[in-house]
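Asker: What follows is the file target34.csv, containing CSV, C-alpha atoms:
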chain,number,residue,atom,x,y,z
A,1,MET,CA,23.4,55.9,69.0
A,2,GLN,CA,25.8,58.6,68.0
A,3,LEU,CA,24.7,62.1,68.6
A,4,ILE,CA,24.4,62.9,64.9
A,5,ASP,CA,22.2,59.8,64.4
A,6,LYS,CA,19.9,61.0,67.3
A,7,LEU,CA,19.8,64.4,65.7
A,8,THR,CA,18.8,63.0,62.4
A,9,VAL,CA,15.9,61.0,63.8
A,10,LEU,CA,14.6,63.6,66.3
A,11,ALA,CA,14.9,66.6,64.0
A,12,ASP,CA,12.9,64.8,61.4
A,13,ALA,CA,10.4,63.7,64.0
A,14,ALA,CA,9.8,67.3,65.1
A,15,LYS,CA,8.8,68.6,61.6
A,16,TYR,CA,5.1,67.8,62.1
A,17,ASP,CA,4.7,70.3,64.9
A,18,VAL,CA,4.1,73.8,63.4
A,19,SER,CA,3.2,75.6,66.6
A,20,CYS,CA,6.5,77.3,66.7
A,21,ALA,CA,5.6,79.4,63.6
A,22,SER,CA,7.4,79.7,60.3
A,23,SER,CA,8.8,82.6,58.3
A,24,GLY,CA,6.9,81.5,55.2
A,25,ALA,CA,10.0,81.7,53.1
A,26,PRO,CA,9.8,79.9,49.8
A,27,LYS,CA,11.8,76.8,49.1
A,28,ARG,CA,14.9,77.5,47.1
A,29,GLY,CA,16.5,74.1,47.1
A,30,SER,CA,17.8,72.6,43.9
A,31,ARG,CA,16.3,69.2,42.9
A,32,GLY,CA,15.0,68.7,46.4
A,33,LYS,CA,18.3,69.6,48.1
A,34,SER,CA,18.8,72.6,50.4
A,35,GLY,CA,21.7,74.9,49.7
A,36,LEU,CA,23.5,77.8,51.3
A,37,GLY,CA,21.0,79.9,53.3
A,38,ALA,CA,18.0,77.5,52.8
A,39,THR,CA,15.3,77.9,55.4
A,40,ASP,CA,13.3,74.7,54.9
A,41,GLY,CA,15.6,71.9,56.1
A,42,MET,CA,14.6,69.7,59.0
A,43,GLY,CA,15.9,70.7,62.3
A,44,ILE,CA,15.5,74.5,61.7
A,45,CYS,CA,12.3,76.5,62.1
A,46,HIS,CA,11.6,80.2,62.2
A,47,SER,CA,9.7,82.0,64.9
A,48,PHE,CA,9.0,85.6,65.9
A,49,THR,CA,10.2,87.2,69.1
A,50,PRO,CA,8.0,89.6,71.2
A,51,ASP,CA,9.7,92.5,69.5
A,52,GLY,CA,8.9,91.2,66.0
A,53,ARG,CA,12.3,89.7,65.0
A,54,CYS,CA,12.3,86.5,62.9
A,55,VAL,CA,14.7,84.1,64.5
A,56,ALA,CA,16.0,80.6,63.5
A,57,LEU,CA,15.4,77.9,66.1
A,58,LEU,CA,16.9,74.4,66.6
A,59,LYS,CA,13.7,72.3,66.3
A,60,ILE,CA,13.9,68.9,67.8
A,61,LEU,CA,12.2,66.3,70.1
A,62,LEU,CA,13.8,65.2,73.3
A,63,THR,CA,12.6,61.8,72.3
A,64,ASN,CA,10.1,60.2,69.8
A,65,PHE,CA,9.4,57.3,72.1
A,66,CYS,CA,5.8,57.8,73.3
A,67,LEU,CA,3.4,56.1,75.6
A,68,TYR,CA,0.4,57.5,73.6
A,69,ASP,CA,-1.0,56.0,70.5
A,70,CYS,CA,-2.5,59.0,68.7
A,71,GLN,CA,-3.7,57.7,65.4
A,72,TYR,CA,-2.6,60.8,63.4
A,73,CYS,CA,1.0,60.9,64.8
A,74,VAL,CA,4.0,59.3,63.2
A,75,ASN,CA,5.6,58.8,66.6
A,76,ARG,CA,2.6,57.0,68.1
A,77,ARG,CA,3.3,53.9,70.3
A,78,SER,CA,2.3,51.4,67.6
A,79,SER,CA,4.3,53.2,64.8
A,80,ASP,CA,7.2,51.3,63.3
A,81,VAL,CA,9.7,54.2,63.1
A,82,PRO,CA,13.4,54.6,64.2
A,83,ARG,CA,13.4,55.7,67.8
A,84,ALA,CA,16.0,57.9,69.7
A,85,ARG,CA,16.3,59.9,72.9
A,86,PHE,CA,18.5,62.8,73.9
A,87,THR,CA,19.6,63.4,77.4
A,88,PRO,CA,18.9,67.0,78.6
A,89,GLU,CA,22.7,67.6,78.6
A,90,GLU,CA,22.9,66.6,75.0
A,91,VAL,CA,20.2,69.0,74.0
A,92,VAL,CA,22.0,71.8,75.9
A,93,SER,CA,25.3,70.9,74.2
A,94,LEU,CA,23.7,70.9,70.7
A,95,THR,CA,21.9,74.2,71.3
A,96,LEU,CA,25.0,76.0,72.5
A,97,ASP,CA,27.1,74.5,69.7
A,98,PHE,CA,24.7,75.6,66.9
A,99,TYR,CA,24.3,79.0,68.6
A,100,ARG,CA,28.0,79.6,68.8
A,101,ARG,CA,28.3,78.7,65.1
A,102,ASN,CA,25.6,81.4,64.4
A,103,CYS,CA,23.2,78.8,62.9
A,104,ILE,CA,20.4,79.5,65.4
A,105,SER,CA,19.1,82.1,67.8
A,106,GLY,CA,17.2,79.7,70.1
A,107,LEU,CA,15.5,76.4,70.7
A,108,PHE,CA,12.1,74.8,70.1
A,109,LEU,CA,11.9,71.6,72.2
A,110,SER,CA,9.1,69.1,72.3
A,111,SER,CA,8.9,65.5,73.2
A,112,GLY,CA,7.0,62.2,73.2
A,113,ILE,CA,5.6,61.1,76.5
A,114,ILE,CA,8.0,58.8,78.4
A,115,ARG,CA,7.4,57.2,81.8
A,116,SER,CA,4.8,59.9,82.7
A,117,ALA,CA,3.7,63.4,81.9
A,118,ASP,CA,5.5,64.8,84.9
A,119,TYR,CA,8.7,63.0,84.2
A,120,THR,CA,8.7,64.2,80.6
A,121,MET,CA,8.0,67.8,81.7
A,122,GLU,CA,10.8,67.6,84.2
A,123,GLN,CA,13.2,66.7,81.5
A,124,LEU,CA,12.1,69.6,79.3
A,125,VAL,CA,12.3,72.0,82.2
A,126,ARG,CA,15.8,70.7,83.0
A,127,VAL,CA,17.0,71.6,79.5
A,128,ALA,CA,15.7,75.2,79.8
A,129,ARG,CA,17.0,75.6,83.4
A,130,LEU,CA,20.5,74.4,82.4
A,131,LEU,CA,20.6,76.8,79.5
A,132,ARG,CA,19.4,79.8,81.5
A,133,GLU,CA,21.1,79.2,84.8
A,134,GLU,CA,24.3,77.3,84.2
A,135,HIS,CA,25.2,78.6,80.7
A,136,GLU,CA,23.5,82.1,81.0
A,137,PHE,CA,21.8,81.5,77.6
A,138,ARG,CA,19.7,84.5,76.6
A,139,GLY,CA,18.4,83.2,73.3
A,140,TYR,CA,14.8,82.4,72.5
A,141,ILE,CA,13.3,79.2,74.0
A,142,HIS,CA,10.0,77.6,73.1
A,143,LEU,CA,8.9,74.6,75.2
A,144,LYS,CA,6.1,72.3,74.5
A,145,THR,CA,3.9,71.8,77.5
A,146,ILE,CA,2.8,68.3,78.5
A,147,PRO,CA,-1.0,68.8,79.3
A,148,ASP,CA,-1.1,66.3,82.2
A,149,ALA,CA,2.0,67.7,83.9
A,150,SER,CA,1.6,69.4,87.3
A,151,ALA,CA,0.9,73.1,87.6
A,152,GLU,CA,4.2,73.5,89.4
A,153,LEU,CA,6.2,72.1,86.5
A,154,ILE,CA,4.3,74.3,84.0
A,155,ALA,CA,5.0,77.3,86.2
A,156,ALA,CA,8.7,76.4,86.2
A,157,ALA,CA,8.7,76.1,82.4
A,158,GLY,CA,7.2,79.5,82.1
A,159,ARG,CA,10.0,81.1,84.1
A,160,TYR,CA,12.6,79.8,81.7
A,161,ALA,CA,10.9,79.8,78.3
A,162,ASP,CA,9.9,82.7,76.1
A,163,ARG,CA,6.9,80.9,74.8
A,164,LEU,CA,4.9,77.8,75.8
A,165,SER,CA,2.6,75.8,73.7
A,166,VAL,CA,-0.1,73.2,74.5
A,167,ASN,CA,-1.3,71.4,71.3
A,168,ILE,CA,-5.0,70.8,71.3
A,169,GLU,CA,-4.5,68.8,68.0
A,170,LEU,CA,-8.1,68.2,67.1
A,171,PRO,CA,-10.9,70.8,67.3
A,172,SER,CA,-13.6,68.6,68.7
A,173,GLU,CA,-13.7,66.4,71.8
A,174,SER,CA,-15.3,63.6,69.9
A,175,SER,CA,-12.5,63.4,67.4
A,176,LEU,CA,-9.9,63.5,70.2
A,177,ILE,CA,-11.6,60.6,72.0
A,178,ARG,CA,-11.7,58.6,68.8
A,179,LEU,CA,-8.1,59.3,67.5
A,180,ALA,CA,-6.2,60.2,70.7
A,181,PRO,CA,-7.9,58.4,73.5
A,182,GLU,CA,-5.1,59.0,76.0
A,183,LYS,CA,-5.5,62.8,75.7
A,184,LYS,CA,-8.3,64.7,77.4
A,185,VAL,CA,-9.7,68.1,76.4
A,186,ALA,CA,-10.1,69.0,80.1
A,187,THR,CA,-6.4,68.5,80.9
A,188,ILE,CA,-5.3,70.4,77.7
A,189,LYS,CA,-7.5,73.4,78.7
A,190,GLN,CA,-6.4,73.2,82.3
A,191,ALA,CA,-2.8,73.5,81.2
A,192,MET,CA,-3.7,76.5,79.0
A,193,GLY,CA,-5.5,78.0,82.0
A,194,THR,CA,-2.4,77.5,84.1
A,195,ILE,CA,-0.3,79.3,81.6
A,196,ARG,CA,-2.7,82.2,81.3
A,197,LEU,CA,-2.8,82.6,85.1
A,198,GLY,CA,1.0,82.7,85.1
A,199,GLU,CA,1.0,85.4,82.5
A,200,GLU,CA,-1.6,87.5,84.3
A,201,GLU,CA,0.3,87.2,87.6
A,202,ALA,CA,3.5,88.3,85.9
A,203,ARG,CA,1.8,91.3,84.3
A,204,GLY,CA,0.0,92.3,87.5
A,205,GLU,CA,3.0,92.3,89.8
A,206,PRO,CA,6.0,94.4,88.5
A,207,LYS,CA,8.5,92.6,90.7
A,208,ALA,CA,7.2,89.1,89.8
A,209,PRO,CA,9.5,86.8,87.8
A,210,ARG,CA,8.9,86.9,84.1
A,211,PHE,CA,6.6,84.2,82.7
A,212,ALA,CA,6.5,83.2,79.1
A,213,PRO,CA,6.7,86.8,77.8
A,214,ALA,CA,5.9,85.6,74.2
A,215,GLY,CA,2.7,84.0,75.4
A,216,GLN,CA,1.3,80.6,74.4
A,217,SER,CA,0.3,79.0,71.2
A,218,THR,CA,-1.4,75.8,70.0
A,219,GLN,CA,-1.8,73.6,66.9
A,220,MET,CA,-4.8,72.0,65.2
A,221,ILE,CA,-4.4,69.3,62.6
A,222,VAL,CA,-6.6,69.9,59.5
A,223,GLY,CA,-8.0,66.9,57.6
A,224,ALA,CA,-7.3,64.1,60.0
A,225,ASP,CA,-11.0,63.9,60.7
A,226,ALA,CA,-14.2,65.2,59.1
A,227,THR,CA,-14.4,68.4,61.1
A,228,ASP,CA,-15.3,71.4,58.9
A,229,ASP,CA,-13.6,74.8,58.8
A,230,ARG,CA,-16.4,76.5,60.8
A,231,THR,CA,-15.9,74.2,63.7
A,232,ILE,CA,-12.1,74.6,63.5
A,233,LEU,CA,-12.3,78.4,63.5
A,234,GLN,CA,-14.9,78.4,66.3
A,235,THR,CA,-12.5,76.4,68.4
A,236,ALA,CA,-9.7,78.9,67.6
A,237,GLN,CA,-12.0,81.9,68.4
A,238,THR,CA,-12.9,80.3,71.8
A,239,LEU,CA,-9.2,79.7,72.6
A,240,TYR,CA,-8.2,83.3,71.7
A,241,GLY,CA,-10.9,84.6,74.0
A,242,ALA,CA,-10.6,82.2,76.9
A,243,TYR,CA,-6.9,81.7,77.1
A,244,ARG,CA,-5.4,84.8,75.4
A,245,LEU,CA,-3.4,82.7,73.0
A,246,LYS,CA,-1.0,84.5,70.7
A,247,ARG,CA,-1.5,82.2,67.8
A,248,VAL,CA,-3.3,79.1,66.7
A,249,TYR,CA,-1.4,77.2,64.0
A,250,TYR,CA,-3.0,74.9,61.5
A,251,SER,CA,-1.2,71.8,60.1
A,252,ALA,CA,-2.6,70.0,57.1
A,253,PHE,CA,-2.7,66.3,58.0
A,254,SER,CA,0.1,64.4,56.4
A,255,PRO,CA,-0.5,60.6,55.7
A,256,ILE,CA,2.2,58.6,57.5
A,257,PRO,CA,3.7,55.2,56.7
A,258,GLN,CA,1.5,52.3,57.8
A,259,SER,CA,-1.4,54.7,58.7
A,260,PRO,CA,-4.2,53.1,60.6
A,261,ALA,CA,-7.6,52.9,58.9
A,262,SER,CA,-9.0,55.5,61.4
A,263,VAL,CA,-7.3,58.4,59.5
A,264,PRO,CA,-7.5,59.4,55.8
A,265,PHE,CA,-5.0,58.0,53.3
A,266,GLU,CA,-4.8,61.3,51.4
A,267,ALA,CA,-3.8,64.7,52.6
A,268,PRO,CA,-6.3,67.6,52.4
A,269,PRO,CA,-5.6,70.4,49.9
A,270,LEU,CA,-2.8,72.6,51.2
A,271,LEU,CA,-4.9,75.5,50.0
A,272,ARG,CA,-7.4,74.7,52.7
A,273,GLU,CA,-4.7,75.2,55.4
A,274,HIS,CA,-3.8,78.5,53.7
A,275,ARG,CA,-7.5,79.7,53.8
A,276,LEU,CA,-7.7,78.9,57.5
A,277,TYR,CA,-4.6,81.0,58.2
A,278,GLN,CA,-6.2,83.9,56.2
A,279,ALA,CA,-9.4,83.5,58.1
A,280,ASP,CA,-7.5,83.3,61.4
A,281,PHE,CA,-5.8,86.6,60.5
A,282,LEU,CA,-9.1,88.2,60.0
A,283,LEU,CA,-10.3,87.1,63.4
A,284,ARG,CA,-7.2,88.4,65.2
A,285,GLY,CA,-6.4,91.5,63.2
A,286,TYR,CA,-9.7,92.8,61.6
A,287,GLY,CA,-12.3,92.0,64.2
A,288,TYR,CA,-14.3,89.5,62.1
A,289,ARG,CA,-16.3,86.8,63.8
A,290,VAL,CA,-16.5,83.2,62.6
A,291,GLU,CA,-20.2,83.6,62.2
A,292,GLU,CA,-19.5,86.3,59.6
A,293,LEU,CA,-17.0,84.3,57.6
A,294,LEU,CA,-19.0,81.1,57.7
A,295,GLY,CA,-22.7,81.7,58.3
A,296,GLU,CA,-23.5,78.0,58.4
A,297,PRO,CA,-21.5,74.8,58.8
A,298,GLY,CA,-19.1,74.1,56.0
A,299,ASN,CA,-15.6,74.9,54.7
A,300,LEU,CA,-14.1,78.1,53.4
A,301,PRO,CA,-14.1,78.5,49.6
A,302,LEU,CA,-10.9,77.6,48.0
A,303,ASP,CA,-11.2,79.7,44.9
A,304,ILE,CA,-11.3,83.1,46.7
A,305,ASP,CA,-9.9,84.3,50.0
A,306,PRO,CA,-12.2,84.7,53.1
A,307,LYS,CA,-12.2,88.5,53.1
A,308,LEU,CA,-13.3,88.6,49.5
A,309,ALA,CA,-15.9,85.9,50.1
A,310,TRP,CA,-17.4,88.0,53.0
A,311,ALA,CA,-17.5,91.2,50.8
A,312,LEU,CA,-19.3,89.3,48.0
A,313,ALA,CA,-21.8,87.9,50.4
A,314,ASN,CA,-22.4,91.4,51.9
A,315,ARG,CA,-22.7,93.6,48.9
A,316,ALA,CA,-25.1,95.9,50.8
A,317,HIS,CA,-22.1,97.4,52.6
A,318,PHE,CA,-20.5,98.4,49.3
A,319,PRO,CA,-19.3,100.4,47.5
A,320,VAL,CA,-17.6,102.2,50.4
A,321,ASP,CA,-16.9,105.9,50.1
A,322,LEU,CA,-13.3,106.1,51.3
A,323,ASN,CA,-13.8,109.8,52.1
A,324,ARG,CA,-16.6,109.2,54.6
A,325,ALA,CA,-16.6,105.6,55.8
A,326,GLU,CA,-15.4,104.4,59.2
A,327,PRO,CA,-11.9,102.9,59.3
A,328,THR,CA,-13.2,99.5,60.4
A,329,LEU,CA,-15.3,99.3,57.2
A,330,ILE,CA,-12.5,100.6,55.0
A,331,ALA,CA,-10.3,97.8,56.3
A,332,ARG,CA,-12.9,95.3,55.2
A,333,VAL,CA,-12.6,96.3,51.6
A,334,PRO,CA,-10.8,93.5,49.7
A,335,GLY,CA,-7.3,94.7,48.7
A,336,ILE,CA,-7.1,97.2,51.6
A,337,GLY,CA,-5.5,96.3,54.9
A,338,VAL,CA,-5.7,97.7,58.4
A,339,LEU,CA,-2.6,99.9,58.1
A,340,THR,CA,-3.6,101.2,54.7
A,341,ALA,CA,-7.0,102.1,56.2
A,342,LYS,CA,-5.3,104.1,58.9
A,343,ARG,CA,-3.2,105.9,56.3
A,344,LEU,CA,-6.3,106.7,54.2
A,345,VAL,CA,-8.0,108.2,57.2
A,346,GLU,CA,-5.0,110.4,58.0
A,347,LEU,CA,-4.8,111.5,54.3
A,348,ARG,CA,-8.5,112.5,54.1
A,349,ARG,CA,-8.0,114.9,57.0
A,350,GLN,CA,-5.8,116.9,54.6
A,351,ARG,CA,-7.6,116.4,51.3
A,352,ARG,CA,-10.0,114.2,49.4
A,353,ILE,CA,-8.9,110.7,48.6
A,354,ARG,CA,-8.4,110.0,44.9
A,355,TYR,CA,-7.9,106.7,42.9
A,356,ALA,CA,-4.2,107.4,42.4
A,357,ASP,CA,-3.7,107.5,46.2
A,358,LEU,CA,-4.7,103.9,46.4
A,359,THR,CA,-2.4,102.9,43.6
A,360,ARG,CA,0.5,104.8,45.3
A,361,MET,CA,-0.3,102.9,48.6
A,362,ARG,CA,0.0,99.6,46.6
A,363,CYS,CA,-3.5,98.4,47.3
A,364,ALA,CA,-4.6,95.3,45.4
A,365,MET,CA,-6.7,97.4,43.0
A,366,GLU,CA,-8.1,94.5,41.0
A,367,LYS,CA,-9.9,93.3,44.1
A,368,ALA,CA,-10.6,96.8,45.5
A,369,LYS,CA,-12.1,98.5,42.5
A,370,PRO,CA,-15.7,97.0,42.6
A,371,PHE,CA,-16.0,97.9,46.3
A,372,ILE,CA,-14.8,101.6,46.6
A,373,VAL,CA,-15.8,105.1,45.8
A,374,THR,CA,-13.2,107.9,45.7
A,375,GLN,CA,-13.3,111.6,44.7
A,376,ASP,CA,-12.7,110.7,41.0
A,377,TYR,CA,-13.8,107.1,40.8
A,378,ARG,CA,-17.1,105.1,41.1
A,379,PRO,CA,-17.5,101.5,40.0
A,380,LEU,CA,-19.9,100.7,37.1
A,381,GLN,CA,-23.1,99.1,38.4
A,382,ALA,CA,-23.8,96.9,35.4
A,383,GLY,CA,-22.0,93.6,35.3
A,384,HIS,CA,-21.0,93.7,38.9
A,385,GLU,CA,-23.2,90.9,40.3
A,386,SER,CA,-21.5,88.9,43.0
A,387,TRP,CA,-21.2,85.8,40.9
A,388,VAL,CA,-19.6,87.7,38.0
A,389,LEU,CA,-17.1,89.3,40.4
A,390,ARG,CA,-16.3,86.0,42.0
A,391,GLN,CA,-15.6,84.4,38.6
A,392,ARG,CA,-13.4,87.2,37.6
A,393,LEU,CA,-11.4,87.7,40.8
A,394,SER,CA,-10.9,84.0,41.5
A,395,GLU,CA,-9.0,83.8,38.2
A,396,ALA,CA,-6.9,86.8,39.0
A,397,PRO,CA,-3.1,86.2,39.1
A,398,ALA,CA,-3.0,88.0,42.5
A,399,GLN,CA,-5.4,85.5,44.1
A,400,MET,CA,-2.9,84.3,46.6
A,401,ALA,CA,-1.6,87.7,47.6
A,402,LEU,CA,-1.8,88.9,51.2
A,403,TRP,CA,-4.2,91.7,51.8
As a first step, turn the structure in this file into structure tokens.
Answerer:
Amino acid sequence: MQLIDKLTVLADAAKYDVSCASSGAPKRGSRGKSGLGATDGMGICHSFTPDGRCVALLKILLTNFCLYDCQYCVNRRSSDVPRARFTPEEVVSLTLDFYRRNCISGLFLSSGIIRSADYTMEQLVRVARLLREEHEFRGYIHLKTIPDASAELIAAAGRYADRLSVNIELPSESSLIRLAPEKKVATIKQAMGTIRLGEEEARGEPKAPRFAPAGQSTQMIVGADATDDRTILQTAQTLYGAYRLKRVYYSAFSPIPQSPASVPFEAPPLLREHRLYQADFLLRGYGYRVEELLGEPGNLPLDIDPKLAWALANRAHFPVDLNRAEPTLIARVPGIGVLTAKRLVELRRQRRIRYADLTRMRCAMEKAKPFIVTQDYRPLQAGHESWVLRQRLSEAPAQMALW
């Protein structure tokens, strides 16, 4: 195959892996076509460097040939799709070419499993080593880690890559056994543990070689099985605590051509994926626990965001007096974020907080009003039952705003 044909196949095959992050930029294509400056075309993804910069990455697979037959994967062994394979040298050439043209700032490289896990991992590491050592490439590199690969190969990958990821794919071991029998939860977690150990050794010894300075991430597929949101978030919560993951990414299952009967024929609502990201943000940035967001098995509500859902279910904590409350409780007010809570605490050291201060700080006042008390404002008690508020706020135009 010509290099451009390989690129077409392997860039398209990589689009299902979201563990490299995305800028979240809206699509601006005309009639389905990407134009100048478009950020949503296949082959390009966006990630964030350790210093917070958003960078464009060449996103490709080394190959979409695969020994595994994961039922949810378009590249599974039994799938009838066009196949292609890059050599490590071809990936290096493409990366440098796109970089010199100022199209990308780095590389996201994954692969199907060929020959063996160790052989595949050796090929991925070779790409990174050639870029770093022979071409002195200093751009961002994200490598997908093959779970069954040896600890030595994973350690080598960590020396060259900025970030590593090991996709757990499904949140429960029973689903993994049923839909991806060649994969094992134990080996996935062992690979995550190897990466965490490498990170800790690099931090603990000032003269040690750097090791994946941007940390590790993983991906879970949503809607490929009957697992509910509570189980998905509990798995994420465990991974954050046990392996110090930087991010867990959620990918709504996308039905693929000639799907086997073991997976759904329809995709889950994309809004469900969005709610999981919102809940994940609350776990990482606000100190919530899964047990607070979902007190019993089930899914997150789709009509309201998880933070508002928690506030409505815990009305005893509200309204919050912004001139007296602890910063952690202020940050739990719908429409007020962590940074705004800190600004309010700083302000009240100088004077009493007033309603206009919240407006000036651009708080989402439609959500915040029923839950706050300021120097000059107190919500009316009548008509503020939780079900009334839910009905009103779920219909608000700002429903999908970030908070």
Asker: Out of A:Arg210, A:His142, A:Lys189, A:Arg76, which residue has the shortest atom-to-atom distance to A:Val18 when counting only C-alpha atoms?
Answerer: A:His142
Asker: List every residue of stretch 178-277 of chain A that has an atom at most 8 Å from any atom of stretch 295-306 of chain A, giving for each one its closest atom pair and the distance in Å to one decimal, counting only C-alpha atoms, sorted by chain and then by ascending residue number, as a Markdown table.
Answerer:
| residue | atom | partner | partner_atom | distance |
| --- | --- | --- | --- | --- |
| A:Asp228 | CA | A:Asn299 | CA | 5.5 |
| A:Asp229 | CA | A:Asn299 | CA | 4.6 |
| A:Arg230 | CA | A:Pro297 | CA | 5.7 |
| A:Thr231 | CA | A:Pro297 | CA | 7.5 |
| A:Leu271 | CA | A:Leu302 | CA | 6.7 |
| A:Arg272 | CA | A:Leu302 | CA | 6.5 |
| A:Arg275 | CA | A:Asp305 | CA | 6.4 |
| A:Leu276 | CA | A:Leu300 | CA | 7.6 |
Asker: Generate a file of the selected residues that holds C-alpha atoms, formatted as a PDB file, in the coordinates of the input.
Answerer:
ATOM      1  CA  ASP A 228     -15.300  71.400  58.900  1.00  0.00           C
ATOM      2  CA  ASP A 229     -13.600  74.800  58.800  1.00  0.00           C
ATOM      3  CA  ARG A 230     -16.400  76.500  60.800  1.00  0.00           C
ATOM      4  CA  THR A 231     -15.900  74.200  63.700  1.00  0.00           C
ATOM      5  CA  LEU A 271      -4.900  75.500  50.000  1.00  0.00           C
ATOM      6  CA  ARG A 272      -7.400  74.700  52.700  1.00  0.00           C
ATOM      7  CA  ARG A 275      -7.500  79.700  53.800  1.00  0.00           C
ATOM      8  CA  LEU A 276      -7.700  78.900  57.500  1.00  0.00           C
TER       9      LEU A 276
END
Asker: Please provide as a ChimeraX atom specification all residues within 10 Å of A:Ala311, with the sequence filter that same-chain residues fewer than 4 positions apart are discarded (counting only C-alpha atoms).
Answerer: /A:293,306-307,315-319,332-334,371,386
Asker: Please report the interatomic distance between atom CA of A:Ser165 and atom CA of A:Ser262 in Å with one decimal.
Answerer: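 Computing the Euclidean distance for atom CA of A:Ser165 and atom CA of A:Ser262 yields 26.4 Å.
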Asker: What does the structure give for the distance between atom CA of A:Met121 and atom CA of A:Lys183, in Å to one decimal?
Answerer: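 Between these atoms lies a distance of 15.6 Å.
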Asker: Excluding same-chain residues fewer than 3 positions from stretch 3-12 of chain A, what lies within 9 Å of it counting all atoms listed in the file, as a list in words?
Answerer: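 Residues meeting the cut-off are Lys15, Tyr16, Met42, Gly43, Ile44, Leu58, Lys59, Ile60, Leu61, Leu62, Thr63, Asn64, Pro82, Arg83, Ala84, Arg85, Phe86 and Glu90 of chain A.
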Asker: Compare A:Tyr243, A:Ile114, A:Asp357, A:Glu89 by their minimum atom-to-atom distance to A:Glu134, counting all atoms listed in the file, and give me the closest one.
Answerer: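 The shortest atom-to-atom distance to A:Glu134 comes from A:Glu89.
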Asker: Counting only C-alpha atoms, what is within 7 Å of A:Ala267, bar same-chain residues fewer than 6 positions away, as a list in words?
Answerer: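 Residues meeting the cut-off are Gly223, Phe253, Ser254 and Pro255 of chain A.
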Asker: Mind writing the picked residues with C-alpha atoms as an mmCIF file, in the frame of the given file?
Answerer:
data_model
loop_
_atom_site.group_PDB
_atom_site.id
_atom_site.type_symbol
_atom_site.label_atom_id
_atom_site.label_comp_id
_atom_site.auth_asym_id
_atom_site.auth_seq_id
_atom_site.Cartn_x
_atom_site.Cartn_y
_atom_site.Cartn_z
ATOM 1 C CA GLY A 223 -8.000 66.900 57.600
ATOM 2 C CA PHE A 253 -2.700 66.300 58.000
ATOM 3 C CA SER A 254 0.100 64.400 56.400
ATOM 4 C CA PRO A 255 -0.500 60.600 55.700
#
Asker: Using only C-alpha atoms, pick whichever of A:Asn314, A:Gln123, A:Gln190, A:Gln258 has the shortest atom-to-atom distance to A:Ala157.
Answerer: A:Gln123
Asker: Would you mind reading off the distance between atom CA of A:Tyr377 and atom CA of A:Arg354, one decimal, in Å?
Answerer: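 Atom CA of A:Arg354 lies at a distance of 7.4 Å from atom CA of A:Tyr377.
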Asker: Using all atoms listed in the file, pick whichever of A:Ala212, A:Ile104, A:Ala313, A:Cys363 has the shortest atom-to-atom distance to A:Leu294.
Answerer: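 Once distances to A:Leu294 are computed over all atoms listed in the file, the minimum belongs to A:Ala313.
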Asker: Which one is closest to A:Arg362: A:Leu339, A:Leu380, A:Leu124, A:Ile113? Count all atoms listed in the file.
Answerer: A:Leu339
Asker: Tell me, as a PDB file with C-alpha atoms, in the frame of the given file, which residues lie within 10 Å of A:Pro327, counting all atoms listed in the file; anything in the same chain fewer than 5 positions away does not count.
Answerer:
ATOM      1  CA  LEU A 322     -13.300 106.100  51.300  1.00  0.00           C
ATOM      2  CA  ARG A 332     -12.900  95.300  55.200  1.00  0.00           C
ATOM      3  CA  VAL A 338      -5.700  97.700  58.400  1.00  0.00           C
ATOM      4  CA  LEU A 339      -2.600  99.900  58.100  1.00  0.00           C
ATOM      5  CA  THR A 340      -3.600 101.200  54.700  1.00  0.00           C
ATOM      6  CA  ALA A 341      -7.000 102.100  56.200  1.00  0.00           C
ATOM      7  CA  LYS A 342      -5.300 104.100  58.900  1.00  0.00           C
ATOM      8  CA  ARG A 343      -3.200 105.900  56.300  1.00  0.00           C
ATOM      9  CA  LEU A 344      -6.300 106.700  54.200  1.00  0.00           C
ATOM     10  CA  VAL A 345      -8.000 108.200  57.200  1.00  0.00           C
TER      11      VAL A 345
END
Asker: Which residue out of A:Phe265, A:Pro206, A:Ser394, A:Thr227 has the minimum interatomic distance to A:Glu173 when all atoms listed in the file are used?
Answerer: A:Thr227
Asker: Hey, what's within 12 Å of A:Thr95 if we count all atoms listed in the file and toss same-chain stuff fewer than 5 positions away? As a VMD selection string, please?
Answerer: chain A and resid 7 43 to 44 56 to 60 88 to 90 100 to 109 127 to 128 130 to 132 135 137 to 141
